[in-house]
Amino acid sequence: MDALAEAALGGARPEELDRLPVPATYLAAHTRVEDVEMFRGVEDKDVRKSLRVSEVPMPELAPDEVLIAVMASSINYNTVWSGTFEPVPTFSFLKAYGKRGYWEARHDQPYHVLGSDAAGVIVRTGVGVRRWRPGDHVLASPIQVDDQEPATHADGMLGEGQKAWGYETNFGGLAHYAVVRASQLIPKPGHLTWEEAASTPACASTAYRMLVSDRGARMKQGDVVLIWGAAGGLGVYATQLVKQGGGIPVGVVGSEEKAERLRALGCDVVINRSEIGIGDDLDDPDSVIAAGKRLGKIIRRETGEDPHIVFEYVGRATFGISMFVVRRGGAVVTCGSSTGYRHEYDNRYLWMKLKRLIGSHAANLQEQWESNRLVDLGRIMPVLSTVYPLSEIGEASRLVQCNQHIGKIGVLCAAPERGLGVTDPAKRARIGEDRLNPLGVGHQ
C-alpha cells in the first residue's frame, strides 16, 4: 500500500492527506483490449482468464470529481459481462465516450478498470467540488450522470448521458483508487465495515427503485412479491425491502442451501426451482404456461393469492412465466436479463389482464440516498456471503458467473483485512453482529 492510501486507512486529517503525493500508478482489476477476441468460439468464457490485476496509470482529476482510496468493493454481474466481452466489448463504450471531450478522452484506454461498487476515503477533490473534502468516508453510486442534461434534473436515470460507472466508464471501484464524480457520492454508514458497506450501493438501490420508488412497482403493505433469484445480490435486498415494507416475499432459488439461507433472512415463502420444472424449451408456450401454473399453484397454496409484483432480472429463462403468473392488474418490474435478452411471452396476458411491465435501471442519486438511509438505520442489512482479496478477483467473479454465490461477494481493495472502517461501534453493538451478517460471511 502506498503512503496516501495508508494514511487514508489510518484516519489521517485532511491537511495530512493533502500533503501526501498521489501515486503515479495504482493496483487495479481490469481487462485489456488485446484480449477482446480471446473467447471467440469458446463455449466456457471463464473470466478468470480475462480479468487482470496489475498497476495502471493514475488519471488526471476533473474539476467535478474526487479521488477515492478504495478500501473495499464487490462483484456485480456487469463485471462478468466485462470479463466475457459480451454482449459487446466494453472498449466500444469507452471509445465512444472518449470522443465527447477532453475529460471524457481519459476513459478511452487500452485497459478498462472495472467495478460499480466502492467504499473508501476521499483523498483529493477537484476544484469544483463543494460538499465533500479529503478524509470523508463515502460510498460511490454506480451511476454517473450528466448534470448539464435537462432530463437528468427530472430523474437522473432518464438522461441519455447516464452511464454505469465502472462498466460504461473507466477507473471503477475494483482497485486501490477510483475516480468518482461528486454527484455520485453517498455517506458511508458508520456502523459498517468497509466490505459490508461496499456490498450495498448498486444492488440495494436497484432493488429500492424497482420496488419502492414512484418510478418502480410502488409496493404497498400486504403485496405478495415474487422474487426470482432471491438468494442473489439483487434478490437478497429485494427480500429485505419487501419484508420491511409490510409485503410478503416469495423467493425462488436454485438449491436447498440457498433456500435455507433465504429463510434465515426472513423470506416468507421459499420455492426451489426444481418444484417449478422449468424446461429447456423456453420458446414453447405450452411449457411456459405449464411451469407458470405449477408456480402459481404453489404461491396460492402458501399465500392464498397470486402475486401483485414480480421482481424480474433473470430474463429469458423466467420472463414468460413472470408475465403469466402475476395477477390481473399486477406488475412485472425488470432490470436485467442474466440468462438472455430476447424474451418470449404471450402478450394476451399483458393486455387482456391489464398487467404492467416496468423497465428499471439502477437508481438516481436521491433513491441511492433513500436506500442508504435504510441501511444506516439498520433496517436493511449487508448481505455478504464471502470476501476475496483484490488479487483473487477472477475467482470471485467466477462464482457470480456460474451462479454459485449467495448474496454479495465482497472484495478487499486497499483495506488489508476484514473488519475495518467502523466509526460508530455503539450503533453496531445496538444492531448486533448476528443481524449485520445474516448470511454468515465466509472467510477467504
# chains A, B, ... in the order shown; residues from 1 in each chain; ligands from 1
>>> select_by_dssp(residues="segment 174-263 of chain A", states="helix (DSSP H, G or I)", output="JSON, numbers by chain")
{"A": [182, 183, 184, 194, 195, 196, 197, 198, 201, 202, 203, 204, 205, 206, 207, 208, 209, 210, 211, 233, 234, 235, 236, 237, 238, 239, 240, 241, 242, 243, 244, 256, 257, 258, 259, 260, 261, 262, 263]}
>>> write_last_selection(atoms="N, CA and C atoms", output="mmCIF file, in the first residue's frame")
data_model
loop_
_atom_site.group_PDB
_atom_site.id
_atom_site.type_symbol
_atom_site.label_atom_id
_atom_site.label_comp_id
_atom_site.auth_asym_id
_atom_site.auth_seq_id
_atom_site.Cartn_x
_atom_site.Cartn_y
_atom_site.Cartn_z
ATOM 1 N N ALA A 182 -18.504 13.988 -8.007
ATOM 2 C CA ALA A 182 -19.074 14.382 -6.718
ATOM 3 C C ALA A 182 -20.565 14.062 -6.651
ATOM 4 N N SER A 183 -21.230 14.051 -7.805
ATOM 5 C CA SER A 183 -22.658 13.744 -7.852
ATOM 6 C C SER A 183 -22.950 12.250 -7.710
ATOM 7 N N GLN A 184 -21.913 11.447 -7.455
ATOM 8 C CA GLN A 184 -22.093 10.018 -7.181
ATOM 9 C C GLN A 184 -21.924 9.684 -5.704
ATOM 10 N N TRP A 194 -15.786 -1.722 5.964
ATOM 11 C CA TRP A 194 -15.618 -1.327 4.562
ATOM 12 C C TRP A 194 -16.289 -2.330 3.629
ATOM 13 N N GLU A 195 -16.045 -3.618 3.870
ATOM 14 C CA GLU A 195 -16.574 -4.624 2.942
ATOM 15 C C GLU A 195 -18.098 -4.747 3.048
ATOM 16 N N GLU A 196 -18.648 -4.557 4.233
ATOM 17 C CA GLU A 196 -20.103 -4.581 4.365
ATOM 18 C C GLU A 196 -20.725 -3.412 3.615
ATOM 19 N N ALA A 197 -20.159 -2.237 3.816
ATOM 20 C CA ALA A 197 -20.702 -1.041 3.173
ATOM 21 C C ALA A 197 -20.627 -1.135 1.658
ATOM 22 N N ALA A 198 -19.533 -1.698 1.146
ATOM 23 C CA ALA A 198 -19.343 -1.780 -0.306
ATOM 24 C C ALA A 198 -20.315 -2.744 -0.968
ATOM 25 N N PRO A 201 -24.379 -0.362 -2.270
ATOM 26 C CA PRO A 201 -24.889 0.689 -3.170
ATOM 27 C C PRO A 201 -25.595 0.192 -4.415
ATOM 28 N N ALA A 202 -24.963 -0.631 -5.225
ATOM 29 C CA ALA A 202 -25.537 -0.983 -6.524
ATOM 30 C C ALA A 202 -26.806 -1.819 -6.380
ATOM 31 N N CYS A 203 -26.742 -2.906 -5.638
ATOM 32 C CA CYS A 203 -27.875 -3.837 -5.597
ATOM 33 C C CYS A 203 -29.016 -3.355 -4.706
ATOM 34 N N ALA A 204 -28.708 -2.801 -3.540
ATOM 35 C CA ALA A 204 -29.779 -2.340 -2.653
ATOM 36 C C ALA A 204 -30.568 -1.208 -3.301
ATOM 37 N N SER A 205 -29.869 -0.280 -3.931
ATOM 38 C CA SER A 205 -30.567 0.858 -4.535
ATOM 39 C C SER A 205 -31.341 0.440 -5.778
ATOM 40 N N THR A 206 -30.811 -0.503 -6.545
ATOM 41 C CA THR A 206 -31.540 -1.009 -7.712
ATOM 42 C C THR A 206 -32.846 -1.658 -7.279
ATOM 43 N N ALA A 207 -32.783 -2.484 -6.238
ATOM 44 C CA ALA A 207 -33.996 -3.114 -5.720
ATOM 45 C C ALA A 207 -34.959 -2.071 -5.164
ATOM 46 N N TYR A 208 -34.431 -1.029 -4.529
ATOM 47 C CA TYR A 208 -35.264 0.041 -3.976
ATOM 48 C C TYR A 208 -36.054 0.730 -5.096
ATOM 49 N N ARG A 209 -35.375 1.089 -6.168
ATOM 50 C CA ARG A 209 -36.080 1.755 -7.271
ATOM 51 C C ARG A 209 -37.139 0.835 -7.874
ATOM 52 N N MET A 210 -36.809 -0.432 -8.039
ATOM 53 C CA MET A 210 -37.747 -1.370 -8.650
ATOM 54 C C MET A 210 -39.010 -1.560 -7.817
ATOM 55 N N LEU A 211 -38.854 -1.615 -6.510
ATOM 56 C CA LEU A 211 -39.976 -1.983 -5.653
ATOM 57 C C LEU A 211 -40.658 -0.817 -4.962
ATOM 58 N N GLY A 233 -27.419 -11.325 -5.409
ATOM 59 C CA GLY A 233 -27.109 -9.992 -4.898
ATOM 60 C C GLY A 233 -28.293 -9.042 -4.908
ATOM 61 N N LEU A 234 -29.095 -9.070 -5.972
ATOM 62 C CA LEU A 234 -30.301 -8.249 -6.021
ATOM 63 C C LEU A 234 -31.414 -8.847 -5.171
ATOM 64 N N GLY A 235 -31.568 -10.149 -5.255
ATOM 65 C CA GLY A 235 -32.689 -10.800 -4.591
ATOM 66 C C GLY A 235 -32.688 -10.668 -3.087
ATOM 67 N N VAL A 236 -31.515 -10.729 -2.467
ATOM 68 C CA VAL A 236 -31.488 -10.649 -1.006
ATOM 69 C C VAL A 236 -31.872 -9.256 -0.519
ATOM 70 N N TYR A 237 -31.567 -8.217 -1.297
ATOM 71 C CA TYR A 237 -32.014 -6.874 -0.918
ATOM 72 C C TYR A 237 -33.503 -6.708 -1.199
ATOM 73 N N ALA A 238 -33.981 -7.279 -2.315
ATOM 74 C CA ALA A 238 -35.411 -7.217 -2.602
ATOM 75 C C ALA A 238 -36.210 -7.899 -1.488
ATOM 76 N N THR A 239 -35.721 -9.040 -1.035
ATOM 77 C CA THR A 239 -36.403 -9.755 0.041
ATOM 78 C C THR A 239 -36.521 -8.890 1.288
ATOM 79 N N GLN A 240 -35.441 -8.210 1.658
ATOM 80 C CA GLN A 240 -35.461 -7.359 2.847
ATOM 81 C C GLN A 240 -36.391 -6.174 2.665
ATOM 82 N N LEU A 241 -36.382 -5.557 1.483
ATOM 83 C CA LEU A 241 -37.239 -4.389 1.239
ATOM 84 C C LEU A 241 -38.714 -4.778 1.293
ATOM 85 N N VAL A 242 -39.054 -5.932 0.726
ATOM 86 C CA VAL A 242 -40.443 -6.387 0.776
ATOM 87 C C VAL A 242 -40.853 -6.639 2.227
ATOM 88 N N LYS A 243 -40.000 -7.314 2.965
ATOM 89 C CA LYS A 243 -40.310 -7.635 4.359
ATOM 90 C C LYS A 243 -40.446 -6.363 5.196
ATOM 91 N N GLN A 244 -39.508 -5.421 5.024
ATOM 92 C CA GLN A 244 -39.556 -4.178 5.786
ATOM 93 C C GLN A 244 -40.749 -3.317 5.408
ATOM 94 N N GLU A 256 -31.152 -26.146 -2.176
ATOM 95 C CA GLU A 256 -31.651 -26.185 -0.812
ATOM 96 C C GLU A 256 -30.786 -25.350 0.118
ATOM 97 N N GLU A 257 -29.472 -25.281 -0.167
ATOM 98 C CA GLU A 257 -28.596 -24.430 0.640
ATOM 99 C C GLU A 257 -29.033 -22.978 0.552
ATOM 100 N N LYS A 258 -29.315 -22.522 -0.677
ATOM 101 C CA LYS A 258 -29.779 -21.154 -0.851
ATOM 102 C C LYS A 258 -31.136 -20.954 -0.185
ATOM 103 N N ALA A 259 -31.979 -21.978 -0.237
ATOM 104 C CA ALA A 259 -33.301 -21.882 0.401
ATOM 105 C C ALA A 259 -33.163 -21.684 1.906
ATOM 106 N N GLU A 260 -32.248 -22.400 2.525
ATOM 107 C CA GLU A 260 -32.046 -22.271 3.969
ATOM 108 C C GLU A 260 -31.537 -20.883 4.320
ATOM 109 N N ARG A 261 -30.602 -20.354 3.541
ATOM 110 C CA ARG A 261 -30.081 -19.010 3.807
ATOM 111 C C ARG A 261 -31.187 -17.973 3.652
ATOM 112 N N LEU A 262 -32.038 -18.158 2.658
ATOM 113 C CA LEU A 262 -33.104 -17.189 2.406
ATOM 114 C C LEU A 262 -34.151 -17.217 3.520
ATOM 115 N N ARG A 263 -34.460 -18.391 4.020
ATOM 116 C CA ARG A 263 -35.398 -18.472 5.150
ATOM 117 C C ARG A 263 -34.821 -17.755 6.366
#
>>> closest_atom_pairs(of="segment 72-96 of chain A", to="segment 380-394 of chain A", cutoff="12 Å", atoms="only C-alpha atoms", output="tab-separated table")
residue	atom	partner	partner_atom	distance
A:Ala72	CA	A:Leu390	CA	8.8
A:Ser73	CA	A:Leu390	CA	8.9
A:Ser74	CA	A:Val387	CA	8.5
A:Ile75	CA	A:Ile393	CA	8.6
A:Asn76	CA	A:Ile393	CA	11.7
A:Thr79	CA	A:Ile393	CA	9.9
A:Val80	CA	A:Gly394	CA	9.5
A:Ser82	CA	A:Gly394	CA	11.9
A:Gly83	CA	A:Gly394	CA	9.0
A:Thr84	CA	A:Gly394	CA	11.6
>>> residues_around(residues="Pro110 of chain A", least_positions_apart="2", cutoff="9 Å", atoms="only C-alpha atoms", output="PyMOL selection string")
chain A and resi 31-34+91+108+112
>>> closest_residue(among="A:Gln221, A:Ser397, A:Ser274, A:Asn403", to="Ser50 of chain A", atoms="only C-alpha atoms")
A:Ser397
>>> residues_around(residues="Gly126 of chain A", least_positions_apart="4", cutoff="6 Å", atoms="only C-alpha atoms", output="number ranges by chain")
A: 62-66
>>> residues_around(residues="Leu4 of chain A", least_positions_apart="2", cutoff="7 Å", atoms="only C-alpha atoms", output="list in words")
Asp2, Glu6, Ala7, Ala8, Leu17, Leu20, Pro21 and Val22 of chain A
>>> write_last_selection(atoms="N, CA and C atoms", output="CSV table (one decimal), in the first residue's frame")
chain,number,residue,atom,x,y,z
A,2,ASP,N,0.5,2.2,-0.8
A,2,ASP,CA,1.3,3.5,-0.9
A,2,ASP,C,1.0,4.4,0.3
A,6,GLU,N,-2.4,4.4,2.8
A,6,GLU,CA,-2.2,4.0,4.2
A,6,GLU,C,-2.6,5.1,5.1
A,7,ALA,N,-2.4,6.3,4.8
A,7,ALA,CA,-2.8,7.4,5.6
A,7,ALA,C,-4.4,7.5,5.7
A,8,ALA,N,-5.0,7.3,4.5
A,8,ALA,CA,-6.5,7.3,4.5
A,8,ALA,C,-7.1,6.2,5.3
A,17,LEU,N,-3.6,14.4,4.4
A,17,LEU,CA,-3.8,13.8,3.1
A,17,LEU,C,-3.4,14.7,1.9
A,20,LEU,N,0.4,14.5,1.2
A,20,LEU,CA,1.0,13.3,0.6
A,20,LEU,C,0.8,13.3,-0.9
A,21,PRO,N,1.7,12.8,-1.6
A,21,PRO,CA,1.6,12.8,-3.1
A,21,PRO,C,0.7,11.7,-3.6
A,22,VAL,N,0.0,11.9,-4.7
A,22,VAL,CA,-0.8,10.9,-5.3
A,22,VAL,C,0.1,10.1,-6.1
>>> select_by_dssp(residues="segment 179-363 of chain A", states="strand (DSSP E)", output="VMD selection string")
chain A and resid 179 to 181 185 to 187 224 to 227 248 to 253 269 to 272 309 to 312 331 to 334 356 to 359
>>> residues_around(residues="segment 417-430 of chain A", least_positions_apart="6", cutoff="10 Å", atoms="only C-alpha atoms", output="list in words")
Leu9, Gly10, Gly11, Met71, Ala72, Ala119, Gly120, Val121, His137, Lys188, Pro189, Gly190, His191, Leu192, Thr193, Trp194, Glu195, Glu196, Ala197, Asp376, Leu377, Gly378, Val387, Tyr388, Pro389, Gly410, Val411, Leu436 and His443 of chain A
>>> residues_around(residues="Val180 of chain A", least_positions_apart="6", cutoff="12 Å", atoms="only C-alpha atoms", output="MDAnalysis selection string")
chainID A and resid 59:70 115:126 129 132 138:145 164:166 169:173 186
>>> write_last_selection(atoms="N, CA and C atoms", output="CSV table (one decimal), in the first residue's frame")
chain,number,residue,atom,x,y,z
A,59,PRO,N,-5.1,8.5,-13.4
A,59,PRO,CA,-5.7,9.5,-14.3
A,59,PRO,C,-5.7,10.9,-13.7
A,60,GLU,N,-5.8,11.9,-14.5
A,60,GLU,CA,-6.0,13.3,-14.1
A,60,GLU,C,-7.4,13.5,-13.5
A,61,LEU,N,-7.5,14.3,-12.5
A,61,LEU,CA,-8.8,14.5,-11.9
A,61,LEU,C,-9.5,15.7,-12.5
A,62,ALA,N,-10.8,15.5,-12.9
A,62,ALA,CA,-11.6,16.6,-13.5
A,62,ALA,C,-12.1,17.5,-12.3
A,63,PRO,N,-12.5,18.8,-12.6
A,63,PRO,CA,-13.0,19.7,-11.6
A,63,PRO,C,-14.1,19.2,-10.7
A,64,ASP,N,-15.0,18.4,-11.3
A,64,ASP,CA,-16.2,17.9,-10.5
A,64,ASP,C,-16.0,16.5,-10.0
A,65,GLU,N,-14.8,16.0,-9.9
A,65,GLU,CA,-14.5,14.7,-9.5
A,65,GLU,C,-13.7,14.6,-8.2
A,66,VAL,N,-13.8,13.4,-7.5
A,66,VAL,CA,-13.0,13.2,-6.4
A,66,VAL,C,-12.2,11.9,-6.6
A,67,LEU,N,-11.0,11.8,-5.9
A,67,LEU,CA,-10.3,10.6,-6.0
A,67,LEU,C,-10.5,9.9,-4.6
A,68,ILE,N,-10.9,8.6,-4.7
A,68,ILE,CA,-11.2,7.8,-3.5
A,68,ILE,C,-10.1,6.8,-3.4
A,69,ALA,N,-9.6,6.6,-2.2
A,69,ALA,CA,-8.8,5.4,-1.8
A,69,ALA,C,-9.8,4.4,-1.5
A,70,VAL,N,-9.9,3.4,-2.4
A,70,VAL,CA,-11.0,2.4,-2.2
A,70,VAL,C,-10.5,1.3,-1.2
A,115,GLY,N,-15.6,-2.3,-12.0
A,115,GLY,CA,-16.2,-2.2,-10.6
A,115,GLY,C,-17.2,-1.1,-10.5
A,116,SER,N,-18.4,-1.4,-10.1
A,116,SER,CA,-19.5,-0.5,-9.9
A,116,SER,C,-19.9,-0.3,-8.5
A,117,ASP,N,-19.1,-0.8,-7.5
A,117,ASP,CA,-19.3,-0.5,-6.1
A,117,ASP,C,-18.0,-0.1,-5.5
A,118,ALA,N,-18.1,0.8,-4.5
A,118,ALA,CA,-16.8,1.2,-3.8
A,118,ALA,C,-17.2,1.8,-2.5
A,119,ALA,N,-16.4,1.5,-1.5
A,119,ALA,CA,-16.4,2.2,-0.2
A,119,ALA,C,-15.0,2.6,0.2
A,120,GLY,N,-14.8,3.9,0.5
A,120,GLY,CA,-13.5,4.3,0.8
A,120,GLY,C,-13.4,5.7,1.3
A,121,VAL,N,-12.2,6.3,1.2
A,121,VAL,CA,-11.9,7.6,1.8
A,121,VAL,C,-11.5,8.6,0.7
A,122,ILE,N,-12.1,9.8,0.7
A,122,ILE,CA,-11.7,10.8,-0.3
A,122,ILE,C,-10.3,11.3,0.0
A,123,VAL,N,-9.4,11.3,-1.0
A,123,VAL,CA,-8.1,11.8,-0.8
A,123,VAL,C,-7.8,13.0,-1.6
A,124,ARG,N,-8.6,13.3,-2.6
A,124,ARG,CA,-8.4,14.5,-3.4
A,124,ARG,C,-9.8,14.9,-3.9
A,125,THR,N,-10.0,16.2,-4.0
A,125,THR,CA,-11.2,16.8,-4.6
A,125,THR,C,-10.8,17.7,-5.8
A,126,GLY,N,-11.6,17.7,-6.8
A,126,GLY,CA,-11.5,18.7,-7.9
A,126,GLY,C,-11.9,20.1,-7.4
A,129,VAL,N,-15.6,20.8,-6.6
A,129,VAL,CA,-16.3,20.0,-5.6
A,129,VAL,C,-16.6,20.9,-4.4
A,132,TRP,N,-17.9,18.0,-0.3
A,132,TRP,CA,-17.1,16.9,0.2
A,132,TRP,C,-15.6,17.4,0.3
A,138,VAL,N,-16.9,7.5,2.3
A,138,VAL,CA,-18.0,7.6,1.3
A,138,VAL,C,-18.3,6.2,0.6
A,139,LEU,N,-19.4,6.2,0.0
A,139,LEU,CA,-19.8,5.1,-1.0
A,139,LEU,C,-19.9,5.8,-2.3
A,140,ALA,N,-19.8,5.0,-3.4
A,140,ALA,CA,-20.0,5.5,-4.7
A,140,ALA,C,-21.2,5.0,-5.3
A,141,SER,N,-22.1,5.8,-5.8
A,141,SER,CA,-23.2,5.4,-6.6
A,141,SER,C,-22.7,4.7,-7.9
A,142,PRO,N,-23.4,3.7,-8.4
A,142,PRO,CA,-22.9,3.0,-9.6
A,142,PRO,C,-23.3,3.7,-10.9
A,143,ILE,N,-24.0,4.9,-10.7
A,143,ILE,CA,-24.4,5.6,-11.9
A,143,ILE,C,-23.8,7.0,-12.0
A,144,GLN,N,-23.2,7.3,-13.1
A,144,GLN,CA,-22.7,8.6,-13.4
A,144,GLN,C,-23.6,9.3,-14.3
A,145,VAL,N,-24.0,10.6,-14.0
A,145,VAL,CA,-25.0,11.3,-14.8
A,145,VAL,C,-24.3,12.6,-15.4
A,164,ALA,N,-23.3,3.5,-16.5
A,164,ALA,CA,-23.0,2.6,-15.4
A,164,ALA,C,-21.5,2.8,-15.1
A,165,TRP,N,-21.2,3.4,-14.0
A,165,TRP,CA,-19.8,3.6,-13.6
A,165,TRP,C,-19.0,2.3,-13.4
A,166,GLY,N,-17.8,2.3,-14.0
A,166,GLY,CA,-17.0,1.1,-13.9
A,166,GLY,C,-17.4,0.0,-14.9
A,169,THR,N,-17.9,3.3,-18.0
A,169,THR,CA,-16.8,4.3,-17.8
A,169,THR,C,-15.6,3.6,-17.3
A,170,ASN,N,-14.5,4.2,-17.3
A,170,ASN,CA,-13.2,3.7,-16.8
A,170,ASN,C,-13.0,4.1,-15.3
A,171,PHE,N,-12.0,3.6,-14.7
A,171,PHE,CA,-11.5,4.0,-13.4
A,171,PHE,C,-12.5,3.6,-12.3
A,172,GLY,N,-13.0,2.4,-12.4
A,172,GLY,CA,-14.1,1.9,-11.4
A,172,GLY,C,-13.5,1.5,-10.1
A,173,GLY,N,-14.4,0.8,-9.3
A,173,GLY,CA,-14.1,0.6,-7.9
A,173,GLY,C,-13.3,-0.6,-7.5
A,186,ILE,N,-22.1,9.2,-1.7
A,186,ILE,CA,-23.1,8.8,-0.6
A,186,ILE,C,-22.3,8.6,0.7
>>> closest_residue(among="A:Lys49, A:Ser54, A:Gly315, A:Val179", to="His107 of chain A", atoms="only C-alpha atoms")
A:Val179
>>> atom_distance(atom1="atom CA of Arg327 of chain A", atom2="atom CA of Val288 of chain A")
16.1 Å
>>> closest_residue(among="A:Arg356, A:Asp268, A:Ala414, A:Ile227", to="Tyr177 of chain A", atoms="only C-alpha atoms")
A:Ala414
>>> closest_residue(among="A:Glu433, A:Glu275, A:Asp18, A:Glu305", to="Ala291 of chain A", atoms="only C-alpha atoms")
A:Glu275
>>> decode(residues="segment 296-307 of chain A", atoms="N, CA and C atoms", output="compact mmCIF listing (two decimals), in the first residue's frame")
# COMPACT_ATOMS: atom_id res chain seq x y z
N GLY A 296 -47.81 -20.83 -9.88
CA GLY A 296 -48.97 -20.14 -9.34
C GLY A 296 -49.70 -20.96 -8.29
N LYS A 297 -49.76 -22.27 -8.50
CA LYS A 297 -50.42 -23.15 -7.53
C LYS A 297 -49.69 -23.14 -6.19
N ILE A 298 -48.35 -23.14 -6.24
CA ILE A 298 -47.55 -23.10 -5.01
C ILE A 298 -47.77 -21.77 -4.28
N ILE A 299 -47.73 -20.67 -5.03
CA ILE A 299 -47.88 -19.36 -4.40
C ILE A 299 -49.26 -19.21 -3.77
N ARG A 300 -50.30 -19.66 -4.47
CA ARG A 300 -51.66 -19.57 -3.92
C ARG A 300 -51.81 -20.47 -2.70
N ARG A 301 -51.16 -21.63 -2.73
CA ARG A 301 -51.23 -22.53 -1.58
C ARG A 301 -50.61 -21.90 -0.34
N GLU A 302 -49.51 -21.16 -0.53
CA GLU A 302 -48.77 -20.60 0.59
C GLU A 302 -49.27 -19.23 1.02
N THR A 303 -49.82 -18.44 0.10
CA THR A 303 -50.22 -17.07 0.44
C THR A 303 -51.73 -16.84 0.28
N GLY A 304 -52.38 -17.71 -0.48
CA GLY A 304 -53.81 -17.55 -0.69
C GLY A 304 -54.18 -16.72 -1.90
N GLU A 305 -53.17 -16.21 -2.64
CA GLU A 305 -53.47 -15.36 -3.79
C GLU A 305 -52.29 -15.31 -4.75
N ASP A 306 -52.52 -14.69 -5.91
CA ASP A 306 -51.47 -14.52 -6.91
C ASP A 306 -50.61 -13.30 -6.58
N PRO A 307 -49.39 -13.27 -7.08
CA PRO A 307 -48.50 -12.14 -6.75
C PRO A 307 -48.95 -10.82 -7.37
